[in-house]
2 protein chains.
Amino acid sequence: MGVFGGVEAGGTKFVCGIGTGPDDLRLGWFPTSSPEATIASVAAFFCEQSGASVDAVGIGSFGPVDLDPASHTFGYITSTPKLEWQYYDLAGVLGRALNVPAGFDTDVNAAALGEARWGAARGISDFLYLTVGTGIGGGAVVHGEVVHGLVHPEMGHIRVPHDLAKDPYPGGCPYHQDCLEGLASGPTMEARWGVPARDLPVEHPGWELEARYLAFGLATWVCTLSPKRIVMGGGVMQQQHLFPMVRRELARVLNGYIRAAALMDEMEQYVVPPQLGNRAGVLGAIALAERAHRSSLSTAVVPGGSI
Amino acid sequence: MGVFGGVEAGGTKFVCGIGTGPDDLRLGWFPTSSPEATIASVAAFFCEQSGASVDAVGIGSFGPVDLDPASHTFGYITSTPKLEWQYYDLAGVLGRALNVPAGFDTDVNAAALGEARWGAARGISDFLYLTVGTGIGGGAVVHGEVVHGLVHPEMGHIRVPHDLAKDPYPGGCPYHQDCLEGLASGPTMEARWGVPARDLPVEHPGWELEARYLAFGLATWVCTLSPKRIVMGGGVMQQQHLFPMVRRELARVLNGYIRAAALMDEMEQYVVPPQLGNRAGVLGAIALAERAHRSSLSTAVVPGGSI
């Protein structure tokens, strides 16, 4: 059993964790500054915490990222608007800095892996992890492996019905205006109602609208991926009263078409909160490190993804 | 190398094929009548054509179907409105009638498998096969395996933006009204314009609308599954002029957000017609038979899905 380092690389902060799972996890975090300074802080954290070195590192990163092991920019953050980080070899640099194998995936895929390994999706081969916060993102596990495909999913950017008569807010996505993220992310709730989502009273009609949009998204993914469970995390989903509303709206949108107990009487076990809270990403990164460690005999940088 | 039988079980006809692939395929078909009469016709066809018996049979069936190998109704057609076929053990009965192993999947998953094995998706581990005809259905292959999940995907029933000012047609889906199938299947084109889709002139604005709705669907699946290719078949897609329109609309809906050559300069290789035409389903069923044959040492009825 090795000592593994996990990094949740975000646009505003890097969260680092060391340990073998939730029980012995030690955490630290650093604001995202220049790549050089940030990587130095991460390396110093792992050195101090491990006493010497970790056996492998895993990274769940903000994106877009290159997950294609055959690409010459595998492990890079690619076309981000954050100029200093554009086409930055995050997995390569960090792996070399620590002199260990590096596993790599998106931030939301890492969170899905964390929940699959230690959380609300343990033992489930096909599920969806969704985060609803500053943005909306989804990590899908199919046949026990995270979906990558051509690039990686960008689930928040699906289109959903938008009734301008009932919701005149035009949408806030700079690329698609009223895609799901443009209608239902945390910041769009604040833009629409004038107060942060967390300050919106439980009885405010904004929550009904939010549940409706999220249910359109969930119904789309139920029809496309047929997940066995949906885990919903992120800042907006910390409002626990949203869960029963989303479940009810999902049943309404699907309208009994797909006959499965999970989608009818057992909806409470179908759409669930995460069990790892905001540690899902960094724990998933540790799972990526573990996998990189196992694969390290054949290659120094390996694709993430399996649970 | 064995002799394999494939059955594309549809609501109006059963198409049967025997052979090892497209080059030696021999076809027959029977109208869908009672289960007993239909199964008898299928069994007689395979007996005559093989001279004795096939080594295994594969079935791509209309649905919904039960694909869960752990279920006691695995291999059944389940809650179909066709009363005689409700909860009918199609894979079990046909396998026993022919006394051979039976592979089983949905009709659209079988077509996806056919295109994966011999057609437009050869060698591609992650792709989407879409059929646009009487209904709309999708078969997704992820990590080289067909997606089943909780039940199986029902891709035609995703919701898409519907601007009633521009398209006052309310939608034709009895469950969801204006889901994608309710707005863009062949019959909805006829309901909207008064003539069958095939008789609509190439310059008719109905084709722009059709391309728009289909592109909303494709964009949703690109954001969710990140397929490496999309193969579009079915009666409506026999209108070849739809392909450039759908590609252009897909690029417009995605609006450059996902940076991948396939979605920009190489769209012509990304959204493509099938190569097996209307034989994709029955050839995919033969691929299911092959797989059942390989697995037959351990069990007589095996789940389909791998390519």
# chains A, B, ... in the order shown; residues from 1 in each chain; ligands from 1

call {"tool": "closest_atom_pairs", "arguments": {"of": "chain B", "to": "chain A", "cutoff": "9 Å", "atoms": "only C-alpha atoms", "output": "JSON lines"}}
result
{"residue": "B:Pro64", "atom": "CA", "partner": "A:Ile258", "partner_atom": "CA", "distance": 8.5}
{"residue": "B:Ser79", "atom": "CA", "partner": "A:Arg259", "partner_atom": "CA", "distance": 7.8}
{"residue": "B:Ser125", "atom": "CA", "partner": "A:Gly149", "partner_atom": "CA", "distance": 8.1}
{"residue": "B:Asp126", "atom": "CA", "partner": "A:Gly149", "partner_atom": "CA", "distance": 5.7}
{"residue": "B:Phe127", "atom": "CA", "partner": "A:Gly149", "partner_atom": "CA", "distance": 8.0}
{"residue": "B:Gly138", "atom": "CA", "partner": "A:Thr224", "partner_atom": "CA", "distance": 8.0}
{"residue": "B:Gly139", "atom": "CA", "partner": "A:Thr224", "partner_atom": "CA", "distance": 8.9}
{"residue": "B:Ala140", "atom": "CA", "partner": "A:Thr224", "partner_atom": "CA", "distance": 8.2}
{"residue": "B:Val142", "atom": "CA", "partner": "A:Val147", "partner_atom": "CA", "distance": 7.1}
{"residue": "B:His143", "atom": "CA", "partner": "A:Val147", "partner_atom": "CA", "distance": 7.8}
{"residue": "B:Glu145", "atom": "CA", "partner": "A:His143", "partner_atom": "CA", "distance": 7.9}
{"residue": "B:Val147", "atom": "CA", "partner": "A:Leu225", "partner_atom": "CA", "distance": 6.9}
{"residue": "B:His148", "atom": "CA", "partner": "A:Ser226", "partner_atom": "CA", "distance": 6.8}
{"residue": "B:Gly149", "atom": "CA", "partner": "A:Ser226", "partner_atom": "CA", "distance": 4.8}
{"residue": "B:Leu150", "atom": "CA", "partner": "A:Lys228", "partner_atom": "CA", "distance": 4.8}
{"residue": "B:Val151", "atom": "CA", "partner": "A:Ser226", "partner_atom": "CA", "distance": 6.3}
{"residue": "B:His152", "atom": "CA", "partner": "A:Ser226", "partner_atom": "CA", "distance": 5.8}
{"residue": "B:Pro153", "atom": "CA", "partner": "A:Cys223", "partner_atom": "CA", "distance": 5.0}
{"residue": "B:Glu154", "atom": "CA", "partner": "A:Cys223", "partner_atom": "CA", "distance": 4.6}
{"residue": "B:Met155", "atom": "CA", "partner": "A:Cys223", "partner_atom": "CA", "distance": 5.0}
{"residue": "B:Gly156", "atom": "CA", "partner": "A:Cys223", "partner_atom": "CA", "distance": 7.7}
{"residue": "B:His157", "atom": "CA", "partner": "A:Cys223", "partner_atom": "CA", "distance": 6.5}
{"residue": "B:Ile158", "atom": "CA", "partner": "A:Thr220", "partner_atom": "CA", "distance": 4.8}
{"residue": "B:Arg159", "atom": "CA", "partner": "A:Val160", "partner_atom": "CA", "distance": 6.3}
{"residue": "B:Val160", "atom": "CA", "partner": "A:Val160", "partner_atom": "CA", "distance": 5.5}
{"residue": "B:Pro161", "atom": "CA", "partner": "A:Pro161", "partner_atom": "CA", "distance": 4.3}
{"residue": "B:His162", "atom": "CA", "partner": "A:Pro161", "partner_atom": "CA", "distance": 6.6}
{"residue": "B:Asp163", "atom": "CA", "partner": "A:Asp163", "partner_atom": "CA", "distance": 8.6}
{"residue": "B:Tyr175", "atom": "CA", "partner": "A:Asn255", "partner_atom": "CA", "distance": 6.4}
{"residue": "B:His176", "atom": "CA", "partner": "A:Asn255", "partner_atom": "CA", "distance": 7.1}
{"residue": "B:Phe216", "atom": "CA", "partner": "A:Arg159", "partner_atom": "CA", "distance": 7.1}
{"residue": "B:Gly217", "atom": "CA", "partner": "A:Arg159", "partner_atom": "CA", "distance": 8.7}
{"residue": "B:Ala219", "atom": "CA", "partner": "A:Ile158", "partner_atom": "CA", "distance": 6.9}
{"residue": "B:Thr220", "atom": "CA", "partner": "A:Ile158", "partner_atom": "CA", "distance": 4.8}
{"residue": "B:Trp221", "atom": "CA", "partner": "A:Thr224", "partner_atom": "CA", "distance": 7.6}
{"residue": "B:Val222", "atom": "CA", "partner": "A:Pro153", "partner_atom": "CA", "distance": 7.2}
{"residue": "B:Cys223", "atom": "CA", "partner": "A:Glu154", "partner_atom": "CA", "distance": 4.6}
{"residue": "B:Thr224", "atom": "CA", "partner": "A:Pro153", "partner_atom": "CA", "distance": 5.0}
{"residue": "B:Leu225", "atom": "CA", "partner": "A:Pro153", "partner_atom": "CA", "distance": 5.9}
{"residue": "B:Ser226", "atom": "CA", "partner": "A:Gly149", "partner_atom": "CA", "distance": 4.9}
{"residue": "B:Pro227", "atom": "CA", "partner": "A:Gly149", "partner_atom": "CA", "distance": 5.4}
{"residue": "B:Lys228", "atom": "CA", "partner": "A:Leu150", "partner_atom": "CA", "distance": 4.8}
{"residue": "B:Arg229", "atom": "CA", "partner": "A:Leu150", "partner_atom": "CA", "distance": 8.4}
{"residue": "B:Val253", "atom": "CA", "partner": "A:His176", "partner_atom": "CA", "distance": 7.4}
{"residue": "B:Leu254", "atom": "CA", "partner": "A:His176", "partner_atom": "CA", "distance": 7.4}
{"residue": "B:Asn255", "atom": "CA", "partner": "A:Tyr175", "partner_atom": "CA", "distance": 6.4}
{"residue": "B:Gly256", "atom": "CA", "partner": "A:Tyr175", "partner_atom": "CA", "distance": 7.9}
{"residue": "B:Tyr257", "atom": "CA", "partner": "A:Tyr175", "partner_atom": "CA", "distance": 6.5}
{"residue": "B:Ile258", "atom": "CA", "partner": "A:Val151", "partner_atom": "CA", "distance": 8.0}
{"residue": "B:Arg259", "atom": "CA", "partner": "A:Ser79", "partner_atom": "CA", "distance": 7.8}
{"residue": "B:Ala260", "atom": "CA", "partner": "A:Val151", "partner_atom": "CA", "distance": 7.3}
{"residue": "B:Ala262", "atom": "CA", "partner": "A:Leu150", "partner_atom": "CA", "distance": 8.5}

call {"tool": "select_by_dssp", "arguments": {"residues": "segment 43-193 of chain B", "states": "strand (DSSP E or B)", "output": "ChimeraX atom specification"}}
result
/B:56-61,65,77,88,102-106,127-132,136-142,145-146,159,173,177,179

call {"tool": "residues_around", "arguments": {"residues": "Glu249 of chain B", "least_positions_apart": "2", "cutoff": "6 Å", "atoms": "only C-alpha atoms", "output": "list in words"}}
result
Arg212, Ala215, Val246, Arg247, Ala251 and Arg252 of chain B

call {"tool": "decode", "arguments": {"residues": "segment 134-170 of chain A", "atoms": "N, CA, C and O atoms", "output": "PDB file, in the first residue's frame"}}
result
ATOM      1  N   THR A 134     -20.754  27.056  -9.381  1.00  0.00           N
ATOM      2  CA  THR A 134     -20.360  28.164 -10.263  1.00  0.00           C
ATOM      3  C   THR A 134     -20.655  27.804 -11.710  1.00  0.00           C
ATOM      4  O   THR A 134     -21.059  28.625 -12.519  1.00  0.00           O
ATOM      5  N   GLY A 135     -20.435  26.547 -12.046  1.00  0.00           N
ATOM      6  CA  GLY A 135     -20.830  26.013 -13.349  1.00  0.00           C
ATOM      7  C   GLY A 135     -21.635  24.749 -13.111  1.00  0.00           C
ATOM      8  O   GLY A 135     -21.955  24.413 -11.973  1.00  0.00           O
ATOM      9  N   ILE A 136     -21.966  24.060 -14.204  1.00  0.00           N
ATOM     10  CA  ILE A 136     -22.622  22.753 -14.095  1.00  0.00           C
ATOM     11  C   ILE A 136     -21.774  21.775 -14.888  1.00  0.00           C
ATOM     12  O   ILE A 136     -21.410  22.040 -16.044  1.00  0.00           O
ATOM     13  N   GLY A 137     -21.414  20.658 -14.250  1.00  0.00           N
ATOM     14  CA  GLY A 137     -20.585  19.672 -14.934  1.00  0.00           C
ATOM     15  C   GLY A 137     -21.025  18.274 -14.555  1.00  0.00           C
ATOM     16  O   GLY A 137     -21.576  18.063 -13.467  1.00  0.00           O
ATOM     17  N   GLY A 138     -20.780  17.331 -15.442  1.00  0.00           N
ATOM     18  CA  GLY A 138     -21.165  15.957 -15.167  1.00  0.00           C
ATOM     19  C   GLY A 138     -20.042  14.986 -15.484  1.00  0.00           C
ATOM     20  O   GLY A 138     -19.309  15.167 -16.464  1.00  0.00           O
ATOM     21  N   GLY A 139     -19.895  13.987 -14.641  1.00  0.00           N
ATOM     22  CA  GLY A 139     -18.959  12.893 -14.898  1.00  0.00           C
ATOM     23  C   GLY A 139     -19.770  11.615 -14.986  1.00  0.00           C
ATOM     24  O   GLY A 139     -20.501  11.277 -14.058  1.00  0.00           O
ATOM     25  N   ALA A 140     -19.687  10.931 -16.120  1.00  0.00           N
ATOM     26  CA  ALA A 140     -20.469   9.710 -16.313  1.00  0.00           C
ATOM     27  C   ALA A 140     -19.560   8.503 -16.206  1.00  0.00           C
ATOM     28  O   ALA A 140     -18.485   8.476 -16.805  1.00  0.00           O
ATOM     29  N   VAL A 141     -19.990   7.516 -15.434  1.00  0.00           N
ATOM     30  CA  VAL A 141     -19.286   6.239 -15.382  1.00  0.00           C
ATOM     31  C   VAL A 141     -20.154   5.211 -16.104  1.00  0.00           C
ATOM     32  O   VAL A 141     -21.351   5.084 -15.808  1.00  0.00           O
ATOM     33  N   VAL A 142     -19.565   4.558 -17.105  1.00  0.00           N
ATOM     34  CA  VAL A 142     -20.272   3.559 -17.918  1.00  0.00           C
ATOM     35  C   VAL A 142     -19.421   2.296 -17.938  1.00  0.00           C
ATOM     36  O   VAL A 142     -18.212   2.380 -18.182  1.00  0.00           O
ATOM     37  N   HIS A 143     -20.017   1.165 -17.670  1.00  0.00           N
ATOM     38  CA  HIS A 143     -19.276  -0.087 -17.598  1.00  0.00           C
ATOM     39  C   HIS A 143     -18.094   0.047 -16.631  1.00  0.00           C
ATOM     40  O   HIS A 143     -17.008  -0.484 -16.884  1.00  0.00           O
ATOM     41  N   GLY A 144     -18.269   0.798 -15.542  1.00  0.00           N
ATOM     42  CA  GLY A 144     -17.214   0.920 -14.535  1.00  0.00           C
ATOM     43  C   GLY A 144     -16.059   1.845 -14.892  1.00  0.00           C
ATOM     44  O   GLY A 144     -15.083   1.921 -14.158  1.00  0.00           O
ATOM     45  N   GLU A 145     -16.158   2.543 -16.027  1.00  0.00           N
ATOM     46  CA  GLU A 145     -15.085   3.459 -16.435  1.00  0.00           C
ATOM     47  C   GLU A 145     -15.654   4.843 -16.733  1.00  0.00           C
ATOM     48  O   GLU A 145     -16.737   4.962 -17.308  1.00  0.00           O
ATOM     49  N   VAL A 146     -14.896   5.856 -16.386  1.00  0.00           N
ATOM     50  CA  VAL A 146     -15.320   7.230 -16.672  1.00  0.00           C
ATOM     51  C   VAL A 146     -15.356   7.457 -18.189  1.00  0.00           C
ATOM     52  O   VAL A 146     -14.456   7.039 -18.906  1.00  0.00           O
ATOM     53  N   VAL A 147     -16.393   8.135 -18.664  1.00  0.00           N
ATOM     54  CA  VAL A 147     -16.516   8.453 -20.089  1.00  0.00           C
ATOM     55  C   VAL A 147     -15.563   9.593 -20.454  1.00  0.00           C
ATOM     56  O   VAL A 147     -15.604  10.655 -19.821  1.00  0.00           O
ATOM     57  N   HIS A 148     -14.712   9.370 -21.435  1.00  0.00           N
ATOM     58  CA  HIS A 148     -13.868  10.422 -21.995  1.00  0.00           C
ATOM     59  C   HIS A 148     -14.302  10.743 -23.424  1.00  0.00           C
ATOM     60  O   HIS A 148     -14.631  11.851 -23.747  1.00  0.00           O
ATOM     61  N   GLY A 149     -14.248   9.741 -24.302  1.00  0.00           N
ATOM     62  CA  GLY A 149     -14.646   9.935 -25.690  1.00  0.00           C
ATOM     63  C   GLY A 149     -13.686  10.823 -26.455  1.00  0.00           C
ATOM     64  O   GLY A 149     -12.469  10.794 -26.239  1.00  0.00           O
ATOM     65  N   LEU A 150     -14.244  11.636 -27.339  1.00  0.00           N
ATOM     66  CA  LEU A 150     -13.453  12.493 -28.234  1.00  0.00           C
ATOM     67  C   LEU A 150     -12.607  13.481 -27.451  1.00  0.00           C
ATOM     68  O   LEU A 150     -11.413  13.646 -27.722  1.00  0.00           O
ATOM     69  N   VAL A 151     -13.188  14.173 -26.492  1.00  0.00           N
ATOM     70  CA  VAL A 151     -12.470  15.162 -25.668  1.00  0.00           C
ATOM     71  C   VAL A 151     -12.796  14.801 -24.217  1.00  0.00           C
ATOM     72  O   VAL A 151     -12.076  14.052 -23.577  1.00  0.00           O
ATOM     73  N   HIS A 152     -13.869  15.318 -23.710  1.00  0.00           N
ATOM     74  CA  HIS A 152     -14.518  14.863 -22.482  1.00  0.00           C
ATOM     75  C   HIS A 152     -15.881  15.512 -22.480  1.00  0.00           C
ATOM     76  O   HIS A 152     -16.095  16.519 -23.154  1.00  0.00           O
ATOM     77  N   PRO A 153     -16.833  14.932 -21.756  1.00  0.00           N
ATOM     78  CA  PRO A 153     -18.165  15.542 -21.762  1.00  0.00           C
ATOM     79  C   PRO A 153     -18.123  16.982 -21.234  1.00  0.00           C
ATOM     80  O   PRO A 153     -17.233  17.356 -20.475  1.00  0.00           O
ATOM     81  N   GLU A 154     -19.082  17.747 -21.662  1.00  0.00           N
ATOM     82  CA  GLU A 154     -19.290  19.135 -21.183  1.00  0.00           C
ATOM     83  C   GLU A 154     -20.774  19.248 -20.894  1.00  0.00           C
ATOM     84  O   GLU A 154     -21.515  19.986 -21.528  1.00  0.00           O
ATOM     85  N   MET A 155     -21.220  18.476 -19.885  1.00  0.00           N
ATOM     86  CA  MET A 155     -22.659  18.249 -19.737  1.00  0.00           C
ATOM     87  C   MET A 155     -23.464  19.507 -19.444  1.00  0.00           C
ATOM     88  O   MET A 155     -24.637  19.582 -19.800  1.00  0.00           O
ATOM     89  N   GLY A 156     -22.849  20.468 -18.777  1.00  0.00           N
ATOM     90  CA  GLY A 156     -23.580  21.678 -18.437  1.00  0.00           C
ATOM     91  C   GLY A 156     -24.080  22.437 -19.654  1.00  0.00           C
ATOM     92  O   GLY A 156     -24.998  23.250 -19.539  1.00  0.00           O
ATOM     93  N   HIS A 157     -23.511  22.142 -20.816  1.00  0.00           N
ATOM     94  CA  HIS A 157     -23.834  22.945 -21.998  1.00  0.00           C
ATOM     95  C   HIS A 157     -24.910  22.344 -22.889  1.00  0.00           C
ATOM     96  O   HIS A 157     -25.073  22.765 -24.033  1.00  0.00           O
ATOM     97  N   ILE A 158     -25.646  21.369 -22.395  1.00  0.00           N
ATOM     98  CA  ILE A 158     -26.791  20.870 -23.165  1.00  0.00           C
ATOM     99  C   ILE A 158     -27.893  21.940 -23.179  1.00  0.00           C
ATOM    100  O   ILE A 158     -27.991  22.753 -22.264  1.00  0.00           O
ATOM    101  N   ARG A 159     -28.692  21.911 -24.238  1.00  0.00           N
ATOM    102  CA  ARG A 159     -29.836  22.829 -24.317  1.00  0.00           C
ATOM    103  C   ARG A 159     -31.059  22.197 -23.660  1.00  0.00           C
ATOM    104  O   ARG A 159     -31.252  20.973 -23.766  1.00  0.00           O
ATOM    105  N   VAL A 160     -31.845  23.040 -23.028  1.00  0.00           N
ATOM    106  CA  VAL A 160     -33.097  22.593 -22.401  1.00  0.00           C
ATOM    107  C   VAL A 160     -34.201  23.559 -22.807  1.00  0.00           C
ATOM    108  O   VAL A 160     -33.918  24.683 -23.231  1.00  0.00           O
ATOM    109  N   PRO A 161     -35.474  23.152 -22.686  1.00  0.00           N
ATOM    110  CA  PRO A 161     -36.558  24.086 -22.994  1.00  0.00           C
ATOM    111  C   PRO A 161     -36.472  25.316 -22.090  1.00  0.00           C
ATOM    112  O   PRO A 161     -36.220  25.194 -20.888  1.00  0.00           O
ATOM    113  N   HIS A 162     -36.666  26.466 -22.660  1.00  0.00           N
ATOM    114  CA  HIS A 162     -36.596  27.739 -21.932  1.00  0.00           C
ATOM    115  C   HIS A 162     -37.808  28.566 -22.345  1.00  0.00           C
ATOM    116  O   HIS A 162     -37.867  29.061 -23.463  1.00  0.00           O
ATOM    117  N   ASP A 163     -38.769  28.668 -21.445  1.00  0.00           N
ATOM    118  CA  ASP A 163     -39.997  29.403 -21.726  1.00  0.00           C
ATOM    119  C   ASP A 163     -39.793  30.862 -21.298  1.00  0.00           C
ATOM    120  O   ASP A 163     -39.896  31.196 -20.118  1.00  0.00           O
ATOM    121  N   LEU A 164     -39.494  31.708 -22.277  1.00  0.00           N
ATOM    122  CA  LEU A 164     -39.179  33.110 -21.978  1.00  0.00           C
ATOM    123  C   LEU A 164     -40.355  33.852 -21.335  1.00  0.00           C
ATOM    124  O   LEU A 164     -40.151  34.831 -20.617  1.00  0.00           O
ATOM    125  N   ALA A 165     -41.583  33.383 -21.589  1.00  0.00           N
ATOM    126  CA  ALA A 165     -42.738  34.034 -20.963  1.00  0.00           C
ATOM    127  C   ALA A 165     -42.717  33.812 -19.453  1.00  0.00           C
ATOM    128  O   ALA A 165     -43.026  34.714 -18.670  1.00  0.00           O
ATOM    129  N   LYS A 166     -42.286  32.618 -19.027  1.00  0.00           N
ATOM    130  CA  LYS A 166     -42.260  32.328 -17.591  1.00  0.00           C
ATOM    131  C   LYS A 166     -40.938  32.729 -16.953  1.00  0.00           C
ATOM    132  O   LYS A 166     -40.881  32.967 -15.745  1.00  0.00           O
ATOM    133  N   ASP A 167     -39.876  32.712 -17.738  1.00  0.00           N
ATOM    134  CA  ASP A 167     -38.547  33.033 -17.221  1.00  0.00           C
ATOM    135  C   ASP A 167     -37.842  33.934 -18.219  1.00  0.00           C
ATOM    136  O   ASP A 167     -37.113  33.462 -19.089  1.00  0.00           O
ATOM    137  N   PRO A 168     -38.050  35.257 -18.090  1.00  0.00           N
ATOM    138  CA  PRO A 168     -37.474  36.170 -19.092  1.00  0.00           C
ATOM    139  C   PRO A 168     -35.953  36.318 -19.009  1.00  0.00           C
ATOM    140  O   PRO A 168     -35.366  36.940 -19.882  1.00  0.00           O
ATOM    141  N   TYR A 169     -35.324  35.764 -17.975  1.00  0.00           N
ATOM    142  CA  TYR A 169     -33.854  35.831 -17.892  1.00  0.00           C
ATOM    143  C   TYR A 169     -33.265  35.188 -19.151  1.00  0.00           C
ATOM    144  O   TYR A 169     -33.575  34.045 -19.476  1.00  0.00           O
ATOM    145  N   PRO A 170     -32.405  35.921 -19.888  1.00  0.00           N
ATOM    146  CA  PRO A 170     -31.978  35.412 -21.196  1.00  0.00           C
ATOM    147  C   PRO A 170     -30.953  34.281 -21.134  1.00  0.00           C
ATOM    148  O   PRO A 170     -30.710  33.609 -22.142  1.00  0.00           O
TER     149      PRO A 170
END
